[in-house]
file upload.tsv (TSV, C-alpha atoms and all ligand atoms)
chain	number	residue	atom	x	y	z
A	1	MET	CA	9.55	14.85	4.42
A	2	ILE	CA	11.32	11.62	5.47
A	3	THR	CA	14.91	10.58	4.75
A	4	LEU	CA	16.65	7.46	6.00
A	5	GLN	CA	20.35	7.17	5.34
A	6	ASP	CA	22.21	3.91	5.85
A	7	VAL	CA	19.97	3.03	8.76
A	8	THR	CA	20.76	-0.11	10.69
A	9	LYS	CA	19.05	-1.41	13.82
A	10	ILE	CA	20.66	-4.26	15.74
A	11	TYR	CA	18.93	-5.70	18.82
A	12	ASP	CA	20.80	-7.45	21.60
A	13	ALA	CA	18.60	-10.48	22.07
A	14	LYS	CA	19.28	-13.40	24.46
A	15	SER	CA	20.10	-15.56	21.47
A	16	GLY	CA	22.61	-12.99	20.20
A	17	LYS	CA	22.53	-9.96	17.98
A	18	VAL	CA	19.59	-9.55	15.58
A	19	THR	CA	19.92	-7.18	12.64
A	20	ALA	CA	16.30	-6.11	12.18
A	21	VAL	CA	17.01	-3.20	9.81
A	22	ASP	CA	20.04	-3.45	7.58
A	23	GLN	CA	21.54	-0.43	5.77
A	24	VAL	CA	18.22	1.04	4.66
A	25	ASN	CA	18.08	4.12	2.45
A	26	LEU	CA	14.66	5.62	1.78
A	27	SER	CA	13.07	8.94	1.09
A	28	VAL	CA	9.42	9.87	1.20
A	29	ALA	CA	8.18	13.11	-0.35
A	30	LYS	CA	5.65	15.44	1.25
A	31	GLY	CA	2.09	14.37	0.48
A	32	GLU	CA	3.10	10.91	-0.68
A	33	ILE	CA	1.51	7.61	0.37
A	34	PHE	CA	4.47	5.28	0.78
A	35	GLY	CA	4.05	1.57	1.47
A	36	ILE	CA	6.54	-0.84	3.03
A	37	ILE	CA	5.71	-4.47	2.38
A	38	GLY	CA	7.35	-7.59	3.73
A	39	TYR	CA	6.60	-10.89	5.40
A	40	SER	CA	6.59	-11.32	9.16
A	41	GLY	CA	10.04	-10.67	10.62
A	42	ALA	CA	11.27	-8.62	7.64
A	43	GLY	CA	11.88	-5.60	9.88
A	44	LYS	CA	8.86	-3.43	9.05
A	45	SER	CA	7.81	-2.74	12.65
A	46	SER	CA	11.36	-1.90	13.62
A	47	LEU	CA	11.59	0.51	10.71
A	48	ILE	CA	8.35	2.27	11.59
A	49	ARG	CA	9.43	2.55	15.25
A	50	LEU	CA	12.63	4.23	14.05
A	51	LEU	CA	10.49	6.81	12.27
A	52	ASN	CA	8.67	7.91	15.42
A	53	GLY	CA	11.63	7.66	17.75
A	54	LEU	CA	10.44	4.63	19.71
A	55	GLU	CA	13.72	3.02	18.64
A	56	THR	CA	17.05	4.69	17.96
A	57	PRO	CA	19.16	3.52	15.04
A	58	THR	CA	22.34	1.60	15.80
A	59	SER	CA	23.87	3.54	12.90
A	60	GLY	CA	22.67	5.88	10.18
A	61	THR	CA	20.35	8.88	10.29
A	62	VAL	CA	16.57	9.19	10.39
A	63	GLU	CA	15.10	12.57	9.49
A	64	VAL	CA	11.35	13.21	9.74
A	65	ALA	CA	9.74	16.62	9.15
A	66	GLY	CA	13.08	18.36	9.60
A	67	ASN	CA	13.98	16.58	12.87
A	68	GLN	CA	16.85	14.17	13.37
A	69	ILE	CA	14.90	11.44	15.13
A	70	GLY	CA	17.18	9.26	17.22
A	71	LYS	CA	19.53	12.16	18.01
A	72	ILE	CA	17.08	14.43	19.85
A	73	LYS	CA	15.82	13.68	23.36
A	74	GLY	CA	13.35	14.84	26.03
A	75	ALA	CA	11.13	17.86	25.24
A	76	LYS	CA	12.53	18.18	21.71
A	77	LEU	CA	11.68	14.57	20.92
A	78	ARG	CA	8.20	14.96	22.42
A	79	GLN	CA	7.67	18.03	20.27
A	80	ALA	CA	8.92	16.23	17.15
A	81	ARG	CA	6.58	13.35	17.93
A	82	GLN	CA	3.61	15.75	17.75
A	83	GLU	CA	4.32	15.92	14.02
A	84	ILE	CA	4.30	12.14	13.65
A	85	SER	CA	1.13	10.23	14.44
A	86	MET	CA	0.35	6.57	14.27
A	87	ILE	CA	-2.56	4.17	13.83
A	88	PHE	CA	-2.42	0.52	14.82
A	89	GLN	CA	-3.74	-2.89	13.81
A	90	HIS	CA	-5.65	-3.29	17.08
A	91	PHE	CA	-6.70	0.38	17.28
A	92	ASN	CA	-5.29	1.00	20.81
A	93	LEU	CA	-8.38	2.90	22.00
A	94	LEU	CA	-9.24	3.73	25.60
A	95	TRP	CA	-12.18	1.44	26.33
A	96	SER	CA	-13.53	3.48	29.24
A	97	ARG	CA	-13.84	6.59	27.08
A	98	THR	CA	-16.42	7.43	24.45
A	99	VAL	CA	-15.59	8.13	20.81
A	100	GLN	CA	-15.35	11.87	21.39
A	101	GLU	CA	-13.34	11.42	24.60
A	102	ASN	CA	-10.89	9.15	22.79
A	103	ILE	CA	-10.44	11.74	20.06
A	104	ALA	CA	-10.09	14.55	22.63
A	105	PHE	CA	-7.38	12.69	24.56
A	106	PRO	CA	-4.33	13.87	22.54
A	107	LEU	CA	-5.76	17.41	22.60
A	108	GLU	CA	-5.95	17.27	26.40
A	109	ILE	CA	-2.34	16.13	26.56
A	110	ALA	CA	-1.30	18.95	24.25
A	111	GLY	CA	-3.04	21.42	26.60
A	112	VAL	CA	-5.73	22.59	24.16
A	113	PRO	CA	-8.48	24.50	26.06
A	114	LYS	CA	-11.84	22.76	26.52
A	115	ASN	CA	-13.97	24.80	24.10
A	116	LYS	CA	-11.33	24.52	21.35
A	117	ARG	CA	-11.15	20.78	22.00
A	118	ALA	CA	-14.86	20.29	21.44
A	119	GLU	CA	-14.69	22.23	18.18
A	120	ARG	CA	-11.75	20.19	16.90
A	121	VAL	CA	-13.35	16.90	17.95
A	122	ASN	CA	-16.47	17.78	15.94
A	123	GLU	CA	-14.39	18.57	12.88
A	124	LEU	CA	-12.55	15.28	13.19
A	125	ILE	CA	-15.73	13.29	13.69
A	126	LYS	CA	-17.06	14.71	10.43
A	127	LEU	CA	-13.79	14.11	8.62
A	128	VAL	CA	-13.77	10.39	9.44
A	129	GLY	CA	-17.53	9.88	9.03
A	130	LEU	CA	-18.49	9.08	12.63
A	131	GLU	CA	-21.41	11.49	13.03
A	132	GLY	CA	-24.01	10.04	15.39
A	133	ARG	CA	-21.49	7.79	17.17
A	134	GLU	CA	-19.90	10.50	19.35
A	135	ASN	CA	-21.10	9.01	22.62
A	136	ALA	CA	-20.58	5.35	21.84
A	137	TYR	CA	-17.90	3.32	23.62
A	138	PRO	CA	-15.34	1.31	21.66
A	139	SER	CA	-17.08	-1.96	22.63
A	140	GLN	CA	-20.18	-0.72	20.78
A	141	LEU	CA	-18.32	-0.04	17.54
A	142	SER	CA	-17.48	-2.20	14.53
A	143	GLY	CA	-13.83	-2.74	13.61
A	144	GLY	CA	-14.03	-0.16	10.84
A	145	GLN	CA	-15.56	2.42	13.19
A	146	LYS	CA	-12.85	1.75	15.78
A	147	GLN	CA	-10.19	2.41	13.17
A	148	ARG	CA	-11.99	5.64	12.21
A	149	VAL	CA	-11.66	6.73	15.85
A	150	GLY	CA	-7.97	5.75	15.70
A	151	ILE	CA	-7.52	7.89	12.59
A	152	ALA	CA	-9.39	10.89	14.06
A	153	ARG	CA	-7.31	10.67	17.25
A	154	ALA	CA	-4.10	10.46	15.21
A	155	LEU	CA	-5.03	13.57	13.24
A	156	ALA	CA	-6.13	15.63	16.26
A	157	ASN	CA	-2.93	17.68	16.61
A	158	ASN	CA	-2.42	18.22	12.86
A	159	PRO	CA	0.55	15.93	12.32
A	160	LYS	CA	2.69	16.14	9.21
A	161	VAL	CA	3.19	12.40	8.96
A	162	LEU	CA	0.80	9.53	9.62
A	163	LEU	CA	2.32	6.10	10.22
A	164	CYS	CA	0.03	3.12	9.73
A	165	ASP	CA	1.07	-0.15	11.35
A	166	GLU	CA	-0.92	-2.93	9.60
A	167	ALA	CA	-3.92	-0.65	10.07
A	168	THR	CA	-6.34	-2.82	8.10
A	169	SER	CA	-5.01	-6.30	8.92
A	170	ALA	CA	-7.74	-6.96	11.51
A	171	LEU	CA	-10.56	-5.88	9.18
A	172	ASP	CA	-12.66	-7.74	6.61
A	173	PRO	CA	-12.02	-6.93	2.92
A	174	GLN	CA	-14.95	-4.53	2.55
A	175	THR	CA	-14.11	-2.57	5.70
A	176	THR	CA	-10.44	-2.60	4.67
A	177	ASP	CA	-11.40	-0.87	1.43
A	178	SER	CA	-13.49	1.77	3.20
A	179	ILE	CA	-10.62	2.59	5.59
A	180	LEU	CA	-8.15	2.72	2.68
A	181	ASP	CA	-10.52	5.09	0.84
A	182	LEU	CA	-10.60	7.28	3.96
A	183	LEU	CA	-6.79	7.38	4.09
A	184	VAL	CA	-6.65	8.49	0.43
A	185	ASP	CA	-9.29	11.12	1.16
A	186	ILE	CA	-7.29	12.48	4.11
A	187	ASN	CA	-4.08	12.41	2.09
A	188	GLU	CA	-5.71	14.47	-0.65
A	189	LYS	CA	-7.62	16.86	1.61
A	190	LEU	CA	-4.85	17.56	4.10
A	191	GLY	CA	-1.75	16.87	1.99
A	192	LEU	CA	-0.68	14.52	4.76
A	193	THR	CA	2.33	12.25	4.18
A	194	ILE	CA	1.42	8.64	4.93
A	195	VAL	CA	3.79	5.73	5.53
A	196	LEU	CA	2.21	2.33	5.96
A	197	ILE	CA	3.53	-1.11	6.65
A	198	THR	CA	1.66	-4.17	5.50
A	199	HIS	CA	2.04	-7.75	4.32
A	200	GLU	CA	-0.84	-7.35	1.86
A	201	MET	CA	-0.16	-6.27	-1.71
A	202	HIS	CA	-3.81	-5.28	-2.06
A	203	VAL	CA	-3.20	-2.38	0.36
A	204	ILE	CA	-0.16	-1.23	-1.63
A	205	ARG	CA	-2.00	-1.56	-4.92
A	206	LYS	CA	-5.02	0.34	-3.76
A	207	ILE	CA	-3.55	3.43	-2.13
A	208	CYS	CA	0.23	3.75	-2.36
A	209	HIS	CA	2.14	5.90	-4.81
A	210	ARG	CA	5.47	4.21	-4.12
A	211	VAL	CA	6.50	1.01	-2.40
A	212	ALA	CA	9.57	-0.50	-0.76
A	213	VAL	CA	9.88	-4.27	-0.40
A	214	MET	CA	11.68	-5.52	2.72
A	215	GLU	CA	13.33	-8.87	3.26
A	216	ASN	CA	15.71	-9.80	6.11
A	217	GLY	CA	15.98	-6.18	7.24
A	218	LYS	CA	16.95	-4.89	3.80
A	219	VAL	CA	14.96	-2.90	1.28
A	220	VAL	CA	15.43	-5.18	-1.72
A	221	GLU	CA	13.35	-3.19	-4.20
A	222	GLN	CA	11.56	0.15	-4.31
A	223	GLY	CA	9.79	2.27	-6.89
A	224	GLU	CA	6.49	3.55	-8.18
A	225	VAL	CA	3.72	1.05	-7.52
A	226	LEU	CA	2.72	0.77	-11.17
A	227	GLU	CA	6.33	0.15	-12.25
A	228	VAL	CA	6.89	-2.45	-9.54
A	229	PHE	CA	3.71	-4.21	-10.61
A	230	ARG	CA	4.72	-4.15	-14.23
A	231	LYS	CA	8.29	-5.31	-13.80
A	232	PRO	CA	8.96	-6.79	-10.36
A	233	GLN	CA	12.70	-7.51	-10.13
A	234	GLN	CA	13.12	-9.68	-7.04
A	235	ASN	CA	11.50	-13.06	-6.46
A	236	ILE	CA	9.87	-11.85	-3.25
A	237	THR	CA	8.34	-8.89	-5.13
A	238	LYS	CA	7.07	-11.23	-7.84
A	239	ARG	CA	5.37	-13.31	-5.14
A	240	PHE	CA	3.68	-10.22	-3.69
A	241	VAL	CA	2.56	-9.03	-7.12
A	242	GLN	CA	1.14	-12.48	-7.85
A	243	GLN	CA	-0.98	-12.21	-4.68
A	244	ILE	CA	-3.26	-9.92	-6.61
A	245	SER	CA	-2.47	-10.15	-10.30
A	246	GLU	CA	-3.07	-13.88	-10.65
A	247	PRO	CA	-6.65	-14.54	-11.66
A	248	GLU	CA	-8.60	-16.33	-8.95
A	249	GLU	CA	-9.26	-19.38	-11.04
A	250	THR	CA	-6.32	-21.25	-12.41
A	251	PHE	CA	-5.75	-20.55	-16.01
A	252	GLU	CA	-6.00	-23.65	-18.17
A	253	THR	CA	-2.60	-24.44	-19.56
A	254	VAL	CA	-1.89	-23.02	-22.99
A	255	GLU	CA	-1.90	-26.59	-24.28
A	256	GLN	CA	-5.43	-27.16	-23.02
A	257	VAL	CA	-6.67	-23.91	-24.51
A	258	LYS	CA	-4.97	-24.76	-27.78
A	259	GLU	CA	-6.95	-27.97	-27.94
A	260	LEU	CA	-10.13	-25.94	-27.59
A	261	TYR	CA	-9.03	-23.51	-30.29
A	262	PRO	CA	-6.91	-25.48	-32.74
A	263	SER	CA	-6.57	-22.61	-35.21
A	264	GLY	CA	-5.49	-19.00	-34.67
A	265	ARG	CA	-3.21	-17.68	-31.94
A	266	ILE	CA	-3.46	-17.23	-28.21
A	267	VAL	CA	-1.93	-13.97	-27.05
A	268	GLN	CA	-1.37	-12.31	-23.71
A	269	LEU	CA	-1.84	-8.55	-23.59
A	270	THR	CA	-0.41	-6.48	-20.77
A	271	PHE	CA	-1.85	-3.03	-20.29
A	272	VAL	CA	-0.21	-0.34	-18.21
A	273	GLY	CA	-1.50	3.10	-17.33
A	274	GLY	CA	-4.30	4.64	-19.36
A	275	LYS	CA	-4.17	1.94	-22.05
A	276	ALA	CA	-6.12	-0.46	-19.90
A	277	GLU	CA	-9.17	1.69	-20.37
A	278	GLN	CA	-8.86	1.94	-24.11
A	279	PRO	CA	-11.41	-0.05	-26.07
A	280	LEU	CA	-8.70	-1.97	-27.87
A	281	ILE	CA	-10.77	-5.06	-28.59
A	282	THR	CA	-13.61	-3.05	-30.12
A	283	SER	CA	-11.25	-1.15	-32.38
A	284	ILE	CA	-9.62	-4.38	-33.59
A	285	LEU	CA	-12.97	-5.94	-34.39
A	286	LYS	CA	-14.01	-2.85	-36.32
A	287	ALA	CA	-10.81	-2.52	-38.33
A	288	PHE	CA	-9.81	-6.14	-39.03
A	289	ASP	CA	-11.48	-9.25	-40.30
A	290	VAL	CA	-10.72	-11.50	-37.33
A	291	THR	CA	-12.62	-13.09	-34.48
A	292	ILE	CA	-11.61	-12.63	-30.85
A	293	ASN	CA	-12.45	-14.79	-27.87
A	294	ILE	CA	-11.55	-13.35	-24.50
A	295	LEU	CA	-10.18	-16.27	-22.50
A	296	GLN	CA	-9.32	-14.57	-19.24
A	297	GLY	CA	-8.41	-11.17	-17.89
A	298	LYS	CA	-7.90	-9.01	-14.87
A	299	VAL	CA	-7.29	-5.31	-14.43
A	300	SER	CA	-5.96	-3.82	-11.18
A	301	TYR	CA	-6.33	-0.15	-10.41
A	302	THR	CA	-3.49	1.66	-8.62
A	303	GLN	CA	-3.19	5.27	-7.46
A	304	THR	CA	-1.15	6.14	-10.54
A	305	GLY	CA	-2.99	4.18	-13.22
A	306	SER	CA	-4.27	0.73	-14.05
A	307	TYR	CA	-2.46	-2.46	-14.83
A	308	GLY	CA	-3.92	-5.55	-16.38
A	309	THR	CA	-3.49	-8.76	-18.30
A	310	LEU	CA	-5.83	-10.17	-20.90
A	311	PHE	CA	-5.58	-13.53	-22.61
A	312	ILE	CA	-7.32	-13.63	-25.98
A	313	HIS	CA	-7.70	-16.04	-28.85
A	314	LEU	CA	-7.30	-14.39	-32.26
A	315	ASP	CA	-8.54	-16.21	-35.34
A	316	GLY	CA	-8.73	-15.44	-39.06
A	317	GLU	CA	-6.50	-15.41	-42.14
A	318	GLU	CA	-2.88	-15.57	-41.05
A	319	ALA	CA	-1.97	-12.30	-42.76
A	320	GLU	CA	-4.88	-10.55	-41.05
A	321	VAL	CA	-3.96	-12.00	-37.63
A	322	ASN	CA	-0.39	-10.77	-38.14
A	323	LYS	CA	-1.71	-7.31	-38.95
A	324	VAL	CA	-3.68	-7.30	-35.70
A	325	ILE	CA	-0.58	-8.27	-33.71
A	326	GLU	CA	1.32	-5.42	-35.36
A	327	TYR	CA	-1.56	-3.06	-34.64
A	328	ILE	CA	-1.60	-4.03	-30.93
A	329	ARG	CA	2.16	-3.40	-30.71
A	330	GLU	CA	1.63	0.07	-32.19
A	331	GLN	CA	-0.84	0.83	-29.39
A	332	GLN	CA	2.05	0.33	-26.94
A	333	VAL	CA	0.28	-2.55	-25.32
A	334	GLU	CA	2.72	-5.33	-24.46
A	335	ILE	CA	1.84	-8.47	-26.37
A	336	GLU	CA	3.15	-11.98	-25.98
A	337	VAL	CA	2.13	-14.51	-28.62
A	338	MET	CA	1.75	-17.76	-26.72
A	339	THR	CA	1.08	-20.12	-29.62
A	340	ASP	CA	2.60	-20.28	-33.11
A	341	ALA	CA	0.73	-19.95	-36.34
A	342	ASN	CA	-0.60	-23.27	-37.59
B	1	LIG	N1	12.88	-5.61	20.78
B	1	LIG	C1	13.44	-6.59	20.08
B	1	LIG	N2	14.45	-7.33	20.60
B	1	LIG	C2	15.05	-8.30	19.91
B	1	LIG	N3	14.71	-8.67	18.65
B	1	LIG	C3	13.71	-7.98	18.08
B	1	LIG	C4	13.02	-6.92	18.75
B	1	LIG	N4	12.05	-6.43	17.92
B	1	LIG	C5	12.15	-7.14	16.77
B	1	LIG	N5	13.12	-8.09	16.86
B	1	LIG	C6	13.54	-9.02	15.79
B	1	LIG	O1	13.87	-8.24	14.64
B	1	LIG	C7	13.44	-8.88	13.44
B	1	LIG	C8	12.49	-7.96	12.70
B	1	LIG	O2	11.29	-7.80	13.45
B	1	LIG	P1	10.12	-6.79	13.11
B	1	LIG	O3	9.07	-6.93	14.16
B	1	LIG	O4	10.71	-5.45	12.87
B	1	LIG	O5	9.60	-7.39	11.72
B	1	LIG	P2	8.19	-7.23	11.02
B	1	LIG	O6	8.47	-7.26	9.57
B	1	LIG	O7	7.51	-6.05	11.54
B	1	LIG	O8	7.43	-8.52	11.43
B	1	LIG	P3	6.03	-8.65	12.22
B	1	LIG	O9	5.00	-8.22	11.24
B	1	LIG	O10	5.98	-10.10	12.56
B	1	LIG	O11	6.17	-7.75	13.42
B	1	LIG	C9	12.81	-10.19	13.88
B	1	LIG	O12	13.77	-11.20	13.76
B	1	LIG	C10	12.44	-9.93	15.34
B	1	LIG	O13	12.45	-11.14	16.07

call {"tool": "encode", "arguments": {"input": "upload.tsv", "output": "structure tokens"}}
result
Amino acid sequence: MITLQDVTKIYDAKSGKVTAVDQVNLSVAKGEIFGIIGYSGAGKSSLIRLLNGLETPTSGTVEVAGNQIGKIKGAKLRQARQEISMIFQHFNLLWSRTVQENIAFPLEIAGVPKNKRAERVNELIKLVGLEGRENAYPSQLSGGQKQRVGIARALANNPKVLLCDEATSALDPQTTDSILDLLVDINEKLGLTIVLITHEMHVIRKICHRVAVMENGKVVEQGEVLEVFRKPQQNITKRFVQQISEPEETFETVEQVKELYPSGRIVQLTFVGGKAEQPLITSILKAFDVTINILQGKVSYTQTGSYGTLFIHLDGEEAEVNKVIEYIREQQVEIEVMTDAN
């Protein structure tokens, strides 16, 4: 659905040339939710503006839904843009228009007749869960409701691609989650391809299938979300992954925990995919003569499976403890023994 080949964008700023996007290669499949994460200034906004033709690449090619964006102009570009919709951090609603008038606006521009417009607006209102708020003005809506209007408006002309520019950054965590759930719902129901830019790993973790990490205009790492979580390669990616995989409370150092549990072993288990749901601990306790204390753990759920870390203290006869460690390895759960046998 989307292919970027060797795309570079250089701005001529007063202070000199700025390379905002540097030799980027990306492809996004139809029906995929693709996330682009990076800190401020990494080049995310420039990249997303290249996708909808608001910027033209300095070099390279940008293809979206079969159109060479950046090469086409005028009516052809306007037509191509109908296939590519966008939602924004600050919603960009028309404040003098009601919810239904906001949603009808792109239909008016596309020349859809009045009775057809009303029908479509009703469908969209249902789709985004805004029944009962049709006649409200943006100032009377919560942030989450405003973004629902933004989403309905973006979907009005049946686009093939939805671009989301920090669409949940102005929302509280609970509202963020409800909007992300809506995006997944729309992706599944309509088979819509979604590209989002964000600086929050939570957003990537919760809804994206694949992710690209941007730094200084370059895509420094990309892959399936679960894989990137499991084995982040670049330091910047590790920092993003830590945003959500580090337990909230600081883990006591291994030395401190060892003082609490002078015998036995402390091990770290890393679960990926379906294994995180398996009742591993229960099966160990049933099959082996050991005791287990769960010291700390966290499981994150992604679109393609879950990922988690569990710190446990294993105690018992050394031979039995060794058998348990072997058993865990056989379950294809990654295990790191953090303390030696006594
Ligand atoms: N129109 C422009 N003219 C000149 N420089 C620009 C322009 N737009 C962006 N830049 C510069 O390009 C670089 C990348 O900016 P961009 O906005 O794409 O990054 P970003 O990752 O989206 O960051 P933010 O989230 O802060 O917008 C920055 O150094 C920025 O100052």

call {"tool": "residues_near_ligand", "arguments": {"input": "upload.tsv", "ligand": "ligand LIG 1 (chain B)", "cutoff": "7 Å", "atoms": "all atoms listed in the file", "output": "number ranges by chain"}}
result
A: 11-13, 18-20, 38-47, 217

call {"tool": "closest_residue", "arguments": {"input": "upload.tsv", "among": "A:His199, A:Lys258, A:Arg78, A:Arg153", "to": "Val121 in chain A", "atoms": "only C-alpha atoms"}}
result
A:Arg153

call {"tool": "closest_residue", "arguments": {"input": "upload.tsv", "among": "A:Val128, A:Val225, A:Gln147, A:Gly60", "to": "Leu171 in chain A", "atoms": "all atoms listed in the file"}}
result
A:Gln147

call {"tool": "atom_distance", "arguments": {"input": "upload.tsv", "atom1": "CA of Leu51 in chain A", "atom2": "CA of Lys9 in chain A"}}
result
12.0 Å

call {"tool": "closest_residue", "arguments": {"input": "upload.tsv", "among": "A:Gly144, A:Pro159, A:Pro138, A:Gly308", "to": "Asp181 in chain A", "atoms": "only C-alpha atoms"}}
result
A:Gly144

call {"tool": "axis_aligned_box", "arguments": {"input": "upload.tsv", "around": "range 70-84 of chain A", "padding_each_side": "8 Å", "output": "JSON"}}
result
{"center_x": 11.6, "center_y": 13.7, "center_z": 19.8, "size_x": 31.9, "size_y": 24.9, "size_z": 28.4}

call {"tool": "atom_distance", "arguments": {"input": "upload.tsv", "atom1": "CA of Ala104 in chain A", "atom2": "CA of Lys160 in chain A"}}
result
18.6 Å

call {"tool": "closest_residue", "arguments": {"input": "upload.tsv", "among": "A:Pro113, A:Leu162, A:Arg239, A:Ile151", "to": "Lys126 in chain A", "atoms": "all atoms listed in the file"}}
result
A:Ile151

call {"tool": "atom_distance", "arguments": {"input": "upload.tsv", "atom1": "CA of Leu54 in chain A", "atom2": "CA of Ala170 in chain A"}}
result
23.1 Å

call {"tool": "residues_near_point", "arguments": {"input": "upload.tsv", "point": "(-4.7, -15.3, -22.0)", "cutoff": "7 Å", "atoms": "all atoms listed in the file", "output": "mmCIF file with C-alpha atoms, in the frame of the given file"}}
result
data_model
loop_
_atom_site.group_PDB
_atom_site.id
_atom_site.type_symbol
_atom_site.label_atom_id
_atom_site.label_comp_id
_atom_site.auth_asym_id
_atom_site.auth_seq_id
_atom_site.Cartn_x
_atom_site.Cartn_y
_atom_site.Cartn_z
ATOM 1 C CA ILE A 266 -3.460 -17.230 -28.210
ATOM 2 C CA VAL A 267 -1.930 -13.970 -27.050
ATOM 3 C CA GLN A 268 -1.370 -12.310 -23.710
ATOM 4 C CA LEU A 295 -10.180 -16.270 -22.500
ATOM 5 C CA GLN A 296 -9.320 -14.570 -19.240
ATOM 6 C CA GLY A 297 -8.410 -11.170 -17.890
ATOM 7 C CA LEU A 310 -5.830 -10.170 -20.900
ATOM 8 C CA PHE A 311 -5.580 -13.530 -22.610
ATOM 9 C CA ILE A 312 -7.320 -13.630 -25.980
#

call {"tool": "closest_residue", "arguments": {"input": "upload.tsv", "among": "A:Ile33, A:Val333, A:Ile87, A:Val21", "to": "Gly273 in chain A", "atoms": "all atoms listed in the file"}}
result
A:Val333

call {"tool": "closest_residue", "arguments": {"input": "upload.tsv", "among": "A:Leu155, A:Met214, A:Val203, A:Ile103", "to": "Gln243 in chain A", "atoms": "only C-alpha atoms"}}
result
A:Val203

call {"tool": "residues_around", "arguments": {"input": "upload.tsv", "residues": "range 98-101 of chain A", "least_positions_apart": "2", "cutoff": "12 Å", "atoms": "all atoms listed in the file", "output": "PyMOL selection string"}}
result
chain A and resi 93-96+103-108+114+117-126+128+130-141+145-153+156

call {"tool": "decode", "arguments": {"input": "upload.tsv", "residues": "range 273-324 of chain A", "atoms": "C-alpha atoms", "output": "JSON list (two decimals), in the first residue's frame"}}
result
[["chain", "number", "residue", "atom", "x", "y", "z"],
["A", 273, "GLY", "CA", 4.11, -14.76, 22.33],
["A", 274, "GLY", "CA", 1.63, -17.31, 23.65],
["A", 275, "LYS", "CA", 4.01, -18.57, 26.35],
["A", 276, "ALA", "CA", 3.22, -15.63, 28.57],
["A", 277, "GLU", "CA", -0.23, -17.03, 29.11],
["A", 278, "GLN", "CA", 0.94, -20.51, 29.96],
["A", 279, "PRO", "CA", 0.61, -21.48, 33.60],
["A", 280, "LEU", "CA", 4.31, -22.22, 33.85],
["A", 281, "ILE", "CA", 4.63, -21.58, 37.57],
["A", 282, "THR", "CA", 1.72, -23.87, 38.43],
["A", 283, "SER", "CA", 3.14, -26.69, 36.34],
["A", 284, "ILE", "CA", 6.56, -26.36, 38.00],
["A", 285, "LEU", "CA", 5.04, -26.47, 41.46],
["A", 286, "LYS", "CA", 3.05, -29.56, 40.56],
["A", 287, "ALA", "CA", 5.93, -31.46, 38.97],
["A", 288, "PHE", "CA", 8.93, -30.51, 41.14],
["A", 289, "ASP", "CA", 9.73, -30.36, 44.80],
["A", 290, "VAL", "CA", 10.74, -26.69, 44.95],
["A", 291, "THR", "CA", 9.34, -23.46, 46.34],
["A", 292, "ILE", "CA", 8.85, -20.37, 44.19],
["A", 293, "ASN", "CA", 8.56, -16.76, 45.28],
["A", 294, "ILE", "CA", 7.50, -14.33, 42.60],
["A", 295, "LEU", "CA", 9.64, -11.24, 43.16],
["A", 296, "GLN", "CA", 8.43, -9.02, 40.36],
["A", 297, "GLY", "CA", 6.86, -9.24, 36.94],
["A", 298, "LYS", "CA", 5.19, -7.45, 34.11],
["A", 299, "VAL", "CA", 3.48, -8.63, 30.96],
["A", 300, "SER", "CA", 2.76, -6.32, 28.01],
["A", 301, "TYR", "CA", 0.20, -7.20, 25.40],
["A", 302, "THR", "CA", 0.89, -6.32, 21.76],
["A", 303, "GLN", "CA", -1.22, -6.82, 18.63],
["A", 304, "THR", "CA", 0.76, -9.94, 17.73],
["A", 305, "GLY", "CA", 1.18, -11.55, 21.15],
["A", 306, "SER", "CA", 2.34, -10.84, 24.67],
["A", 307, "TYR", "CA", 5.76, -10.13, 26.05],
["A", 308, "GLY", "CA", 6.79, -10.22, 29.66],
["A", 309, "THR", "CA", 9.46, -10.56, 32.28],
["A", 310, "LEU", "CA", 9.16, -12.35, 35.60],
["A", 311, "PHE", "CA", 11.72, -12.44, 38.37],
["A", 312, "ILE", "CA", 11.37, -15.47, 40.63],
["A", 313, "HIS", "CA", 13.23, -17.02, 43.51],
["A", 314, "LEU", "CA", 13.59, -20.80, 43.20],
["A", 315, "ASP", "CA", 14.51, -22.82, 46.27],
["A", 316, "GLY", "CA", 14.98, -26.51, 47.05],
["A", 317, "GLU", "CA", 17.57, -29.27, 46.64],
["A", 318, "GLU", "CA", 20.17, -28.15, 44.13],
["A", 319, "ALA", "CA", 19.54, -31.09, 41.80],
["A", 320, "GLU", "CA", 15.81, -30.35, 41.83],
["A", 321, "VAL", "CA", 16.38, -26.62, 41.17],
["A", 322, "ASN", "CA", 18.62, -27.54, 38.22],
["A", 323, "LYS", "CA", 15.88, -29.79, 36.86],
["A", 324, "VAL", "CA", 13.42, -26.90, 37.03]]
